[in-house]
Structures are given as C-alpha cells and as structure tokens.
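What follows is the content of final-v5.cif (mmCIF, C-alpha atoms).
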```cif
data_my_file
#
loop_
_atom_site.group_PDB
_atom_site.id
_atom_site.type_symbol
_atom_site.label_atom_id
_atom_site.label_comp_id
_atom_site.auth_asym_id
_atom_site.auth_seq_id
_atom_site.Cartn_x
_atom_site.Cartn_y
_atom_site.Cartn_z
ATOM 1 C CA GLU U 11 42.671 -71.537 -41.980
ATOM 2 C CA ARG U 12 42.415 -73.895 -44.943
ATOM 3 C CA MET U 13 45.063 -71.887 -46.795
ATOM 4 C CA ARG U 14 47.337 -72.142 -43.758
ATOM 5 C CA GLU U 15 46.991 -75.943 -43.846
ATOM 6 C CA GLU U 16 47.854 -76.022 -47.551
ATOM 7 C CA LEU U 17 50.960 -73.865 -46.961
ATOM 8 C CA LYS U 18 52.117 -76.316 -44.284
ATOM 9 C CA LEU U 19 51.941 -79.061 -46.919
ATOM 10 C CA GLY U 20 54.520 -77.134 -48.981
ATOM 11 C CA LYS U 21 52.325 -75.388 -51.576
ATOM 12 C CA ASN U 22 53.094 -71.863 -52.769
ATOM 13 C CA LEU U 23 50.824 -68.972 -51.809
ATOM 14 C CA LEU U 24 48.733 -68.949 -55.007
ATOM 15 C CA SER U 25 48.156 -72.712 -54.961
ATOM 16 C CA ALA U 26 47.300 -72.557 -51.264
ATOM 17 C CA LEU U 27 44.797 -69.771 -51.941
ATOM 18 C CA GLU U 28 43.052 -71.751 -54.695
ATOM 19 C CA SER U 29 43.009 -74.994 -52.686
ATOM 20 C CA GLY U 30 41.874 -73.224 -49.536
ATOM 21 C CA TYR U 31 38.853 -71.662 -51.202
ATOM 22 C CA SER U 32 38.040 -74.888 -53.022
ATOM 23 C CA MET U 33 38.111 -76.962 -49.821
ATOM 24 C CA ALA U 34 36.212 -74.413 -47.704
ATOM 25 C CA PHE U 35 33.536 -73.668 -50.327
ATOM 26 C CA SER U 36 31.025 -76.350 -49.312
ATOM 27 C CA THR U 37 31.423 -75.529 -45.618
ATOM 28 C CA ILE U 38 30.805 -71.819 -46.202
ATOM 29 C CA VAL U 39 27.767 -72.506 -48.394
ATOM 30 C CA ASP U 40 26.251 -75.060 -45.985
ATOM 31 C CA ALA U 41 26.776 -72.846 -42.938
ATOM 32 C CA ASN U 42 25.235 -69.793 -44.581
ATOM 33 C CA LEU U 43 22.386 -71.621 -46.307
ATOM 34 C CA THR U 44 21.122 -73.029 -43.002
ATOM 35 C CA THR U 45 20.945 -69.515 -41.570
ATOM 36 C CA LEU U 46 19.344 -68.264 -44.800
ATOM 37 C CA ILE U 47 16.651 -70.926 -44.401
ATOM 38 C CA THR U 48 15.920 -69.495 -40.946
ATOM 39 C CA ALA U 49 15.748 -65.966 -42.370
ATOM 40 C CA LEU U 50 13.315 -66.968 -45.134
ATOM 41 C CA ILE U 51 11.022 -68.803 -42.707
ATOM 42 C CA LEU U 52 11.024 -65.826 -40.322
ATOM 43 C CA TRP U 53 10.098 -63.586 -43.233
ATOM 44 C CA TYR U 54 7.343 -65.927 -44.411
ATOM 45 C CA PHE U 55 5.734 -66.789 -41.056
ATOM 46 C CA GLY U 56 6.716 -63.760 -38.975
ATOM 47 C CA SER U 57 4.948 -60.445 -38.485
ATOM 48 C CA GLY U 58 6.076 -56.987 -37.438
ATOM 49 C CA PRO U 59 9.642 -56.955 -36.068
ATOM 50 C CA VAL U 60 10.083 -60.706 -36.592
ATOM 51 C CA LYS U 61 9.492 -60.333 -40.359
ATOM 52 C CA GLY U 62 11.889 -57.387 -40.393
ATOM 53 C CA PHE U 63 14.601 -59.453 -38.690
ATOM 54 C CA GLY U 64 14.151 -62.143 -41.335
ATOM 55 C CA VAL U 65 14.650 -59.682 -44.195
ATOM 56 C CA THR U 66 17.686 -58.042 -42.543
ATOM 57 C CA LEU U 67 19.243 -61.431 -41.772
ATOM 58 C CA ALA U 68 18.762 -62.637 -45.369
ATOM 59 C CA VAL U 69 20.372 -59.496 -46.826
ATOM 60 C CA GLY U 70 23.284 -59.851 -44.401
ATOM 61 C CA ILE U 71 23.863 -63.511 -45.326
ATOM 62 C CA LEU U 72 23.807 -62.874 -49.091
ATOM 63 C CA THR U 73 26.209 -59.917 -48.855
ATOM 64 C CA THR U 74 28.489 -61.893 -46.532
ATOM 65 C CA MET U 75 28.657 -64.829 -48.939
ATOM 66 C CA PHE U 76 29.350 -62.483 -51.858
ATOM 67 C CA CYS U 77 32.193 -60.801 -49.964
ATOM 68 C CA ALA U 78 33.652 -64.064 -48.635
ATOM 69 C CA LEU U 79 33.542 -66.099 -51.840
ATOM 70 C CA ILE U 80 33.995 -63.477 -54.571
ATOM 71 C CA LEU U 81 35.176 -60.053 -53.417
ATOM 72 C CA CYS U 82 37.678 -61.196 -50.785
ATOM 73 C CA ARG U 83 39.070 -63.906 -53.069
ATOM 74 C CA ALA U 84 39.463 -61.462 -55.958
ATOM 75 C CA LEU U 85 41.365 -59.001 -53.771
ATOM 76 C CA LEU U 86 43.610 -61.759 -52.399
ATOM 77 C CA GLU U 87 44.415 -63.053 -55.881
ATOM 78 C CA ILE U 88 45.347 -59.530 -57.025
ATOM 79 C CA LEU U 89 47.670 -59.113 -54.032
ATOM 80 C CA VAL U 90 49.301 -62.520 -54.565
ATOM 81 C CA ARG U 91 49.627 -62.387 -58.383
ATOM 82 C CA THR U 92 51.121 -58.876 -58.336
ATOM 83 C CA GLY U 93 53.639 -59.917 -55.699
ATOM 84 C CA ILE U 94 52.420 -57.383 -53.127
ATOM 85 C CA PHE U 95 51.473 -60.213 -50.768
ATOM 86 C CA LYS U 96 54.409 -62.664 -50.608
ATOM 87 C CA ASN U 97 54.152 -64.114 -47.129
ATOM 88 C CA GLY U 98 51.190 -64.705 -44.913
ATOM 89 C CA PHE U 99 49.431 -66.901 -42.417
ATOM 90 C CA LYS U 100 52.564 -67.115 -40.265
ATOM 91 C CA PHE U 101 50.930 -66.008 -37.021
ATOM 92 C CA SER U 102 48.702 -68.413 -35.112
ATOM 93 C CA ILE U 103 47.188 -68.109 -31.646
ATOM 94 C CA MET U 104 46.978 -71.893 -31.299
ATOM 95 C CA LYS U 105 50.215 -73.891 -31.253
ATOM 96 C CA GLU U 106 50.642 -76.399 -34.063
ATOM 97 C CA ASP U 107 51.159 -79.298 -31.657
ATOM 98 C CA THR U 108 48.120 -78.432 -29.515
ATOM 99 C CA LYS U 109 46.253 -81.605 -28.664
ATOM 100 C CA PHE U 110 43.234 -81.535 -26.373
ATOM 101 C CA LYS U 111 41.319 -84.749 -25.706
ATOM 102 C CA PHE U 112 37.819 -83.255 -26.039
ATOM 103 C CA LEU U 113 36.024 -86.597 -26.075
ATOM 104 C CA ASN U 114 37.661 -87.628 -22.780
ATOM 105 C CA TYR U 115 35.497 -84.965 -21.125
ATOM 106 C CA ALA U 116 32.315 -85.698 -23.089
ATOM 107 C CA LYS U 117 30.309 -87.132 -20.174
ATOM 108 C CA LEU U 118 31.406 -84.392 -17.793
ATOM 109 C CA SER U 119 30.691 -81.556 -20.230
ATOM 110 C CA CYS U 120 27.359 -83.006 -21.371
ATOM 111 C CA GLY U 121 26.310 -83.525 -17.758
ATOM 112 C CA GLY U 122 27.232 -79.950 -16.853
ATOM 113 C CA ALA U 123 25.453 -78.592 -19.938
ATOM 114 C CA LEU U 124 22.329 -80.615 -19.106
ATOM 115 C CA ILE U 125 22.246 -79.191 -15.573
ATOM 116 C CA VAL U 126 22.551 -75.616 -16.874
ATOM 117 C CA PHE U 127 19.936 -76.383 -19.567
ATOM 118 C CA ILE U 128 17.390 -77.645 -17.027
ATOM 119 C CA ALA U 129 18.208 -74.789 -14.627
ATOM 120 C CA SER U 130 17.634 -72.277 -17.446
ATOM 121 C CA ILE U 131 14.217 -73.718 -18.266
ATOM 122 C CA ALA U 132 13.285 -73.818 -14.572
ATOM 123 C CA PHE U 133 14.312 -70.192 -13.952
ATOM 124 C CA ILE U 134 12.475 -68.956 -17.067
ATOM 125 C CA ALA U 135 9.344 -70.858 -15.959
ATOM 126 C CA TYR U 136 9.697 -69.455 -12.414
ATOM 127 C CA GLN U 137 9.899 -65.876 -13.722
ATOM 128 C CA GLY U 138 6.921 -66.420 -16.031
ATOM 129 C CA ASP U 139 5.546 -63.178 -17.490
ATOM 130 C CA LYS U 140 8.248 -61.168 -15.692
ATOM 131 C CA CYS U 141 10.830 -62.271 -18.247
ATOM 132 C CA VAL U 142 8.664 -61.294 -21.236
ATOM 133 C CA GLY U 143 8.829 -57.727 -22.528
ATOM 134 C CA ILE U 144 6.086 -55.391 -23.720
ATOM 135 C CA ASP U 145 6.492 -56.571 -27.317
ATOM 136 C CA PHE U 146 5.019 -59.925 -26.293
ATOM 137 C CA THR U 147 2.660 -58.988 -23.436
ATOM 138 C CA GLY U 148 1.224 -55.605 -24.398
ATOM 139 C CA GLY U 149 1.352 -52.479 -22.242
ATOM 140 C CA GLU U 150 3.278 -49.227 -22.183
ATOM 141 C CA VAL U 151 6.895 -48.149 -22.097
ATOM 142 C CA ILE U 152 7.688 -44.710 -20.658
ATOM 143 C CA SER U 153 11.121 -43.206 -21.294
ATOM 144 C CA ALA U 154 12.251 -40.488 -18.878
ATOM 145 C CA GLN U 155 15.339 -38.361 -18.320
ATOM 146 C CA TYR U 156 16.708 -37.989 -14.795
ATOM 147 C CA LYS U 157 19.125 -35.870 -12.770
ATOM 148 C CA GLU U 158 19.708 -38.344 -9.953
ATOM 149 C CA LYS U 159 19.817 -42.088 -10.586
ATOM 150 C CA LEU U 160 17.319 -44.018 -8.483
ATOM 151 C CA PRO U 161 17.932 -47.647 -7.412
ATOM 152 C CA ILE U 162 15.840 -50.100 -9.439
ATOM 153 C CA ASN U 163 14.458 -51.657 -6.245
ATOM 154 C CA SER U 164 13.169 -48.236 -5.119
ATOM 155 C CA ILE U 165 11.404 -47.774 -8.448
ATOM 156 C CA LEU U 166 9.818 -51.234 -8.338
ATOM 157 C CA GLY U 167 8.754 -50.687 -4.727
ATOM 158 C CA ILE U 168 6.324 -47.974 -5.801
ATOM 159 C CA SER U 169 3.904 -50.646 -7.046
ATOM 160 C CA GLY U 170 3.908 -52.311 -3.635
ATOM 161 C CA GLU U 171 2.892 -49.038 -1.996
ATOM 162 C CA ASN U 172 0.179 -48.448 -4.590
ATOM 163 C CA PRO U 173 -1.297 -51.732 -5.948
ATOM 164 C CA ASP U 174 -3.416 -49.803 -8.478
ATOM 165 C CA LEU U 175 -0.258 -49.093 -10.480
ATOM 166 C CA GLY U 176 0.063 -52.786 -11.350
ATOM 167 C CA GLU U 177 3.289 -54.551 -12.260
ATOM 168 C CA ILE U 178 6.299 -52.395 -13.157
ATOM 169 C CA GLN U 179 9.569 -53.282 -14.870
ATOM 170 C CA ALA U 180 12.396 -50.733 -14.862
ATOM 171 C CA ALA U 181 15.848 -50.505 -16.462
ATOM 172 C CA TYR U 182 18.417 -47.866 -17.344
ATOM 173 C CA GLN U 183 19.272 -47.818 -21.037
ATOM 174 C CA LYS U 184 21.680 -45.896 -23.244
ATOM 175 C CA ASP U 185 20.643 -43.942 -26.317
ATOM 176 C CA ILE U 186 22.778 -45.251 -29.202
ATOM 177 C CA ALA U 187 22.674 -41.906 -31.006
ATOM 178 C CA THR U 188 23.571 -39.568 -28.126
ATOM 179 C CA GLY U 189 25.216 -41.962 -25.669
ATOM 180 C CA GLY U 190 23.055 -40.516 -22.899
ATOM 181 C CA GLU U 191 21.323 -42.747 -20.373
ATOM 182 C CA TYR U 192 17.610 -42.692 -19.621
ATOM 183 C CA LEU U 193 15.099 -44.562 -17.445
ATOM 184 C CA SER U 194 12.792 -47.024 -19.190
ATOM 185 C CA LEU U 195 9.581 -47.992 -17.362
ATOM 186 C CA GLN U 196 7.431 -50.864 -18.580
ATOM 187 C CA THR U 197 3.914 -50.810 -17.173
ATOM 188 C CA GLU U 198 0.507 -52.323 -17.745
ATOM 189 C CA ALA U 199 -1.759 -50.697 -20.335
ATOM 190 C CA ASP U 200 -2.816 -47.093 -19.577
ATOM 191 C CA LYS U 201 -0.785 -46.925 -16.360
ATOM 192 C CA GLY U 202 2.504 -45.450 -17.588
ATOM 193 C CA ASP U 203 1.644 -41.819 -16.847
ATOM 194 C CA ALA U 204 0.380 -42.716 -13.359
ATOM 195 C CA VAL U 205 3.588 -44.617 -12.542
ATOM 196 C CA LEU U 206 5.804 -41.731 -13.675
ATOM 197 C CA ALA U 207 3.684 -39.256 -11.685
ATOM 198 C CA ALA U 208 3.982 -41.406 -8.551
ATOM 199 C CA LEU U 209 7.773 -41.571 -8.933
ATOM 200 C CA GLU U 210 8.009 -37.799 -9.483
ATOM 201 C CA LYS U 211 5.981 -37.224 -6.319
ATOM 202 C CA LYS U 212 7.968 -39.621 -4.117
ATOM 203 C CA TYR U 213 11.435 -38.835 -5.507
ATOM 204 C CA PRO U 214 11.431 -35.150 -6.533
ATOM 205 C CA GLN U 215 15.231 -35.052 -6.147
ATOM 206 C CA ALA U 216 15.538 -37.460 -9.112
ATOM 207 C CA GLY U 217 14.346 -34.737 -11.499
ATOM 208 C CA LEU U 218 12.433 -37.191 -13.708
ATOM 209 C CA LYS U 219 11.287 -35.680 -17.023
ATOM 210 C CA PHE U 220 9.001 -37.385 -19.551
ATOM 211 C CA MET U 221 10.640 -38.182 -22.922
ATOM 212 C CA SER U 222 8.357 -40.544 -24.841
ATOM 213 C CA LYS U 223 5.690 -43.221 -24.556
ATOM 214 C CA GLN U 224 5.169 -46.401 -26.549
ATOM 215 C CA SER U 225 1.997 -48.475 -26.407
ATOM 216 C CA ILE U 226 1.449 -52.000 -27.745
ATOM 217 C CA GLY U 227 -1.962 -53.676 -27.619
ATOM 218 C CA SER U 228 -2.326 -57.251 -26.374
ATOM 219 C CA ALA U 229 -3.807 -58.387 -29.705
ATOM 220 C CA VAL U 230 -0.709 -57.201 -31.578
ATOM 221 C CA SER U 231 1.651 -58.767 -29.048
ATOM 222 C CA ASP U 232 -0.232 -62.102 -29.111
ATOM 223 C CA SER U 233 0.116 -62.184 -32.900
ATOM 224 C CA ILE U 234 3.853 -61.462 -32.681
ATOM 225 C CA VAL U 235 4.346 -64.251 -30.107
ATOM 226 C CA LYS U 236 2.404 -66.794 -32.161
ATOM 227 C CA ASP U 237 4.185 -65.929 -35.415
ATOM 228 C CA ALA U 238 7.614 -65.921 -33.743
ATOM 229 C CA LEU U 239 7.066 -69.372 -32.187
ATOM 230 C CA VAL U 240 5.749 -70.845 -35.458
ATOM 231 C CA ALA U 241 8.672 -69.365 -37.398
ATOM 232 C CA CYS U 242 11.254 -70.656 -34.905
ATOM 233 C CA PHE U 243 9.690 -74.141 -34.902
ATOM 234 C CA TRP U 244 9.721 -74.500 -38.699
ATOM 235 C CA SER U 245 13.196 -72.987 -39.014
ATOM 236 C CA MET U 246 14.578 -75.604 -36.590
ATOM 237 C CA ILE U 247 12.848 -78.391 -38.531
ATOM 238 C CA ALA U 248 14.169 -77.012 -41.843
ATOM 239 C CA ILE U 249 17.734 -76.812 -40.498
ATOM 240 C CA MET U 250 17.509 -80.419 -39.296
ATOM 241 C CA LEU U 251 16.243 -81.609 -42.696
ATOM 242 C CA TYR U 252 18.910 -79.682 -44.619
ATOM 243 C CA VAL U 253 21.772 -80.969 -42.459
ATOM 244 C CA ALA U 254 20.339 -84.500 -42.668
ATOM 245 C CA PHE U 255 20.224 -84.192 -46.477
ATOM 246 C CA ARG U 256 23.814 -82.883 -46.701
ATOM 247 C CA PHE U 257 25.252 -85.282 -44.116
ATOM 248 C CA GLU U 258 23.122 -87.921 -42.322
ATOM 249 C CA TRP U 259 20.022 -88.053 -40.108
ATOM 250 C CA GLY U 260 22.166 -88.356 -37.008
ATOM 251 C CA TYR U 261 23.972 -85.147 -37.932
ATOM 252 C CA GLY U 262 20.645 -83.366 -38.511
ATOM 253 C CA ILE U 263 19.318 -84.326 -35.093
ATOM 254 C CA GLY U 264 22.646 -83.387 -33.526
ATOM 255 C CA ALA U 265 22.548 -79.948 -35.158
ATOM 256 C CA LEU U 266 18.986 -79.398 -33.928
ATOM 257 C CA VAL U 267 19.745 -80.450 -30.349
ATOM 258 C CA SER U 268 22.944 -78.402 -30.120
ATOM 259 C CA THR U 269 21.230 -75.285 -31.487
ATOM 260 C CA LEU U 270 18.273 -75.598 -29.081
ATOM 261 C CA HIS U 271 20.758 -76.151 -26.249
ATOM 262 C CA ASP U 272 22.638 -72.942 -27.107
ATOM 263 C CA VAL U 273 19.447 -70.870 -27.442
ATOM 264 C CA VAL U 274 17.815 -72.059 -24.199
ATOM 265 C CA ILE U 275 20.984 -71.601 -22.132
ATOM 266 C CA THR U 276 21.554 -68.134 -23.622
ATOM 267 C CA ILE U 277 18.013 -67.009 -22.739
ATOM 268 C CA GLY U 278 18.250 -68.611 -19.276
ATOM 269 C CA ILE U 279 21.541 -66.902 -18.390
ATOM 270 C CA TYR U 280 20.328 -63.584 -19.841
ATOM 271 C CA VAL U 281 17.153 -63.665 -17.723
ATOM 272 C CA PHE U 282 19.111 -64.806 -14.648
ATOM 273 C CA ILE U 283 21.737 -62.043 -14.699
ATOM 274 C CA GLY U 284 19.047 -59.470 -15.486
ATOM 275 C CA LYS U 285 16.733 -60.460 -12.642
ATOM 276 C CA VAL U 286 19.332 -61.405 -10.033
ATOM 277 C CA PHE U 287 22.197 -58.978 -10.756
ATOM 278 C CA GLY U 288 20.312 -56.213 -12.579
ATOM 279 C CA ILE U 289 22.554 -56.396 -15.663
ATOM 280 C CA GLY U 290 20.230 -55.624 -18.573
ATOM 281 C CA THR U 291 16.455 -55.942 -18.362
ATOM 282 C CA GLY U 292 16.337 -59.724 -18.150
ATOM 283 C CA GLN U 293 13.305 -59.588 -20.421
ATOM 284 C CA PHE U 294 12.688 -61.293 -23.737
ATOM 285 C CA SER U 295 11.742 -58.508 -26.156
ATOM 286 C CA ALA U 296 11.622 -58.031 -29.935
ATOM 287 C CA PRO U 297 15.320 -56.996 -30.144
ATOM 288 C CA MET U 298 16.128 -60.209 -28.259
ATOM 289 C CA VAL U 299 14.732 -62.151 -31.227
ATOM 290 C CA ALA U 300 17.524 -60.627 -33.330
ATOM 291 C CA ALA U 301 20.089 -61.543 -30.674
ATOM 292 C CA ILE U 302 18.810 -65.133 -30.530
ATOM 293 C CA LEU U 303 18.994 -65.338 -34.334
ATOM 294 C CA MET U 304 22.653 -64.369 -34.098
ATOM 295 C CA ILE U 305 23.193 -67.169 -31.553
ATOM 296 C CA VAL U 306 21.418 -69.627 -33.885
ATOM 297 C CA GLY U 307 23.623 -68.480 -36.764
ATOM 298 C CA TYR U 308 26.893 -68.889 -34.878
ATOM 299 C CA SER U 309 25.776 -72.199 -33.363
ATOM 300 C CA ILE U 310 24.777 -73.855 -36.629
ATOM 301 C CA ASN U 311 27.814 -72.354 -38.385
ATOM 302 C CA ASP U 312 30.253 -73.902 -35.902
ATOM 303 C CA THR U 313 28.355 -77.202 -35.948
ATOM 304 C CA ILE U 314 28.520 -77.506 -39.738
ATOM 305 C CA VAL U 315 32.235 -76.615 -39.809
ATOM 306 C CA VAL U 316 32.907 -79.535 -37.456
ATOM 307 C CA PHE U 317 30.544 -81.862 -39.375
ATOM 308 C CA ASP U 318 32.306 -80.996 -42.642
ATOM 309 C CA ARG U 319 35.718 -81.830 -41.185
ATOM 310 C CA ILE U 320 34.401 -85.143 -39.805
ATOM 311 C CA ARG U 321 33.035 -86.033 -43.254
ATOM 312 C CA GLU U 322 36.360 -85.122 -44.865
ATOM 313 C CA GLU U 323 38.299 -87.291 -42.420
ATOM 314 C CA LEU U 324 35.987 -90.221 -43.095
ATOM 315 C CA GLN U 325 36.502 -89.800 -46.839
ATOM 316 C CA LEU U 326 40.291 -89.758 -46.408
ATOM 317 C CA LYS U 327 40.276 -92.637 -43.914
ATOM 318 C CA PRO U 328 37.127 -94.758 -44.398
ATOM 319 C CA ASP U 329 38.182 -97.229 -41.678
ATOM 320 C CA MET U 330 38.050 -94.548 -38.937
ATOM 321 C CA SER U 331 35.317 -94.751 -36.322
#
```
Can the structure from this file be put into structure tokens for me?
Amino acid sequence: ERMREELKLGKNLLSALESGYSMAFSTIVDANLTTLITALILWYFGSGPVKGFGVTLAVGILTTMFCALILCRALLEILVRTGIFKNGFKFSIMKEDTKFKFLNYAKLSCGGALIVFIASIAFIAYQGDKCVGIDFTGGEVISAQYKEKLPINSILGISGENPDLGEIQAAYQKDIATGGEYLSLQTEADKGDAVLAALEKKYPQAGLKFMSKQSIGSAVSDSIVKDALVACFWSMIAIMLYVAFRFEWGYGIGALVSTLHDVVITIGIYVFIGKVFGIGTGQFSAPMVAAILMIVGYSINDTIVVFDRIREELQLKPDMS
C-alpha cells in the first residue's frame, strides 16, 4: 500500500519499492513487537496449552517479520531490477476518491459498541460455568461415532431424566485429519461412561460407538485458568506501556481499551451463537485461547497502523488537530 502511494507521486517502481519499505518499516516492527510481547508473557507466565500457544505465536511472529522485511523484499527487488516486474499495484478495491466521514459517526458507533460490550459481559456472566470448557473446569470428554445424528437438545435432556449424570455439554465436531464428524460429550468427572451408556440405551438407533476419552483434573484446570488470566493481564499492561513509549500515554490507553473491547465482544458473540443457535460449542476452551490471541494480534496490529499514520500526518502538518 505504501508503494502504491509512492507510485502515485510519480516515482519509478524501484524507488517506490525502497520508499515503501522504508516508510512501512516502523509500523511493521511496532505491530509485530506488541504481539511478540504478548507471546513472551504467555510463555513466561502460562502453563500447559497456554505456554505452548505463546511459543507457537512467537515463532510465527519472527518468521513473519523475516519474510515480510527480508525475503519478500529481496524477491521483489530481483523481479524489479531484472525487468521481469515492470508494472504493478494498478488494481485497487477501494476507489482513489473514496471519502468516508468516520468521525461523524463516532458517537453512534461508540454507543452501539458499548451496548454490545455490556451485553456480551452480561450474557457471559449469565451462562457462568456453562460457557467454560473442560480445560478450565475439569471433567471428562467422551468422543463417539454415530450412525444417526441426534438433536443436541435430546442429548442434553438425558441429564434431566437422570440427575445423577450431572451437567452435560454436547457438540458435533469434525476430525481435521479425516473430515469425518463425531459427537463430543463433556461431562463431570467420572461420569462420561455413564452418560454414553444412557444415550446408547435410550437412542439405540443412533448407533453410538465409543472412540476416546479425555480426563482433566480440577487442580490442573485451576492452574491453567490462573496462569492464563495472569498472562493476559500482564500482556495487556505491557502492550499499553510499549504503545505509550512509542507514541503517547493517550495512545497506549486507547490501544488497551480497543483490544479489550474486541476480545470481550468476540467471546460474547461466540458464546451467544453457540448457546442460542447451536453454532459451535459456545464454550471457552484451551483452543479458544489461541483464537483470542489471533484477535488480539489483529486488533493491536490495525490500531498501530492507524496510530502510525496519525503520527506521520502530525509530523507533516504540525498545526493539524
């Protein structure tokens, strides 16, 4: 995008390439370093899957920066200098004269976002333990094959008929390797086999067949929850301090608020569509930590890109508000 801007100013392709990378360098570094800070804190404070996510995220960020700043640039320079790549950056989805008065809708959009934010918190609080997966509560997960798909409500109803089975969460999931679908049952500790047996007895036509069982103790899950919350707290503080150092305190607080806003609304909508419409499990599990980290990464990345452009405009035109 920076190279496209330079070409519009009349520079040739090679000059535009060099200027584009030079002007985008600080933005790329800032955006990736903030996410790297999160990864390092997750690795340091986290345990189990949380620590693993931190390591994976850090490796991904470092390889991405290497490819973006070195490998991709080297390949582009070869293509341009050898004359293979003579024209580029002609196509654009957005029209050049596109002008949208974003700030005219600031109060309306902030008001709407605040309503959704509060609604998300309220719905998560209302669901309570129902929106927290086995990774954070302890219990068992039974995976079973089936011949006939049973409605989720029918599966959950089995606990109402037999209170001894305790609380049950059910969802249909796809195996990434085979593409086949299976039934996943989350139960309280030591009750998975009993739940599956009760379902086999009541719905013999479903042809349920045991595949695997996973058990997580409450002590392990409590440790994961505590470490995950501590890691997330310090990563948010670290991001705020870094952005404040690179820009100003107001920018740091803004980055923190916008990131928290994105995370809370994402979790709230995810839980809502899972519990109300049955799309996904609607539960916050260990893999969800990875998904939330991706949201944090995109959120802070976009925020810093905008902050960097604001700073550039103020440097070019110091009298601007």
Worksheet entry | Selection: 10 Å around range 132-137 of chain U, all atoms listed in the file, excl. self and same-chain fewer than 5 positions, as a ChimeraX atom specification | /U:126-127,142,274,277-282,285,292-293
Worksheet item: Once the PyMOL selection byres ((chain U and resi 43) around 10) has been applied to the shown file, what residues remain in the selection, as a PyMOL selection string?
Response: chain U and resi 37-42+44-49+68+71-72+75+249+252+311
Would you save the residues of that selection, restricted to C-alpha atoms, as an mmCIF file, in the frame of the given file?
```
data_model
loop_
_atom_site.group_PDB
_atom_site.id
_atom_site.type_symbol
_atom_site.label_atom_id
_atom_site.label_comp_id
_atom_site.auth_asym_id
_atom_site.auth_seq_id
_atom_site.Cartn_x
_atom_site.Cartn_y
_atom_site.Cartn_z
ATOM 1 C CA THR U 37 31.423 -75.529 -45.618
ATOM 2 C CA ILE U 38 30.805 -71.819 -46.202
ATOM 3 C CA VAL U 39 27.767 -72.506 -48.394
ATOM 4 C CA ASP U 40 26.251 -75.060 -45.985
ATOM 5 C CA ALA U 41 26.776 -72.846 -42.938
ATOM 6 C CA ASN U 42 25.235 -69.793 -44.581
ATOM 7 C CA THR U 44 21.122 -73.029 -43.002
ATOM 8 C CA THR U 45 20.945 -69.515 -41.570
ATOM 9 C CA LEU U 46 19.344 -68.264 -44.800
ATOM 10 C CA ILE U 47 16.651 -70.926 -44.401
ATOM 11 C CA THR U 48 15.920 -69.495 -40.946
ATOM 12 C CA ALA U 49 15.748 -65.966 -42.370
ATOM 13 C CA ALA U 68 18.762 -62.637 -45.369
ATOM 14 C CA ILE U 71 23.863 -63.511 -45.326
ATOM 15 C CA LEU U 72 23.807 -62.874 -49.091
ATOM 16 C CA MET U 75 28.657 -64.829 -48.939
ATOM 17 C CA ILE U 249 17.734 -76.812 -40.498
ATOM 18 C CA TYR U 252 18.910 -79.682 -44.619
ATOM 19 C CA ASN U 311 27.814 -72.354 -38.385
#
```
Discussion item. For the PyMOL selection byres ((chain U and resi 11) around 12), applied here, can you spell out every residue it catches as a ChimeraX atom specification?
Written reply: /U:12-18,26-27,29-31,33-34,98-104,315
Would you mind listing what lies within 9 Å of Phe95 in chain U as a PDB file with C-alpha atoms, keeping the file's coordinate frame, with all atoms listed in the file counted and same-chain residues fewer than 4 positions away left out?
```pdb
ATOM      1  CA  LEU U  23      50.824 -68.972 -51.809  1.00  0.00           C
ATOM      2  CA  LEU U  86      43.610 -61.759 -52.399  1.00  0.00           C
ATOM      3  CA  ILE U  88      45.347 -59.530 -57.025  1.00  0.00           C
ATOM      4  CA  LEU U  89      47.670 -59.113 -54.032  1.00  0.00           C
ATOM      5  CA  VAL U  90      49.301 -62.520 -54.565  1.00  0.00           C
ATOM      6  CA  ARG U  91      49.627 -62.387 -58.383  1.00  0.00           C
TER       7      ARG U  91
END
```
Response to the item:
Students should find that CA of Gly149 in chain U and CA of Gln224 in chain U are spaced 8.4 Å
Practice prompt. Tell me which of U:Ala187, U:Ile178, U:Ile275, U:Ile263 sits closest to Ile125 in chain U, counting only C-alpha atoms.
Written response: U:Ile275
Worksheet item: How many Å separate CA of Glu198 in chain U from CA of Glu150 in chain U?
Response: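 Between CA of Glu198 in chain U and CA of Glu150 in chain U the gap works out to 6.1 Å.
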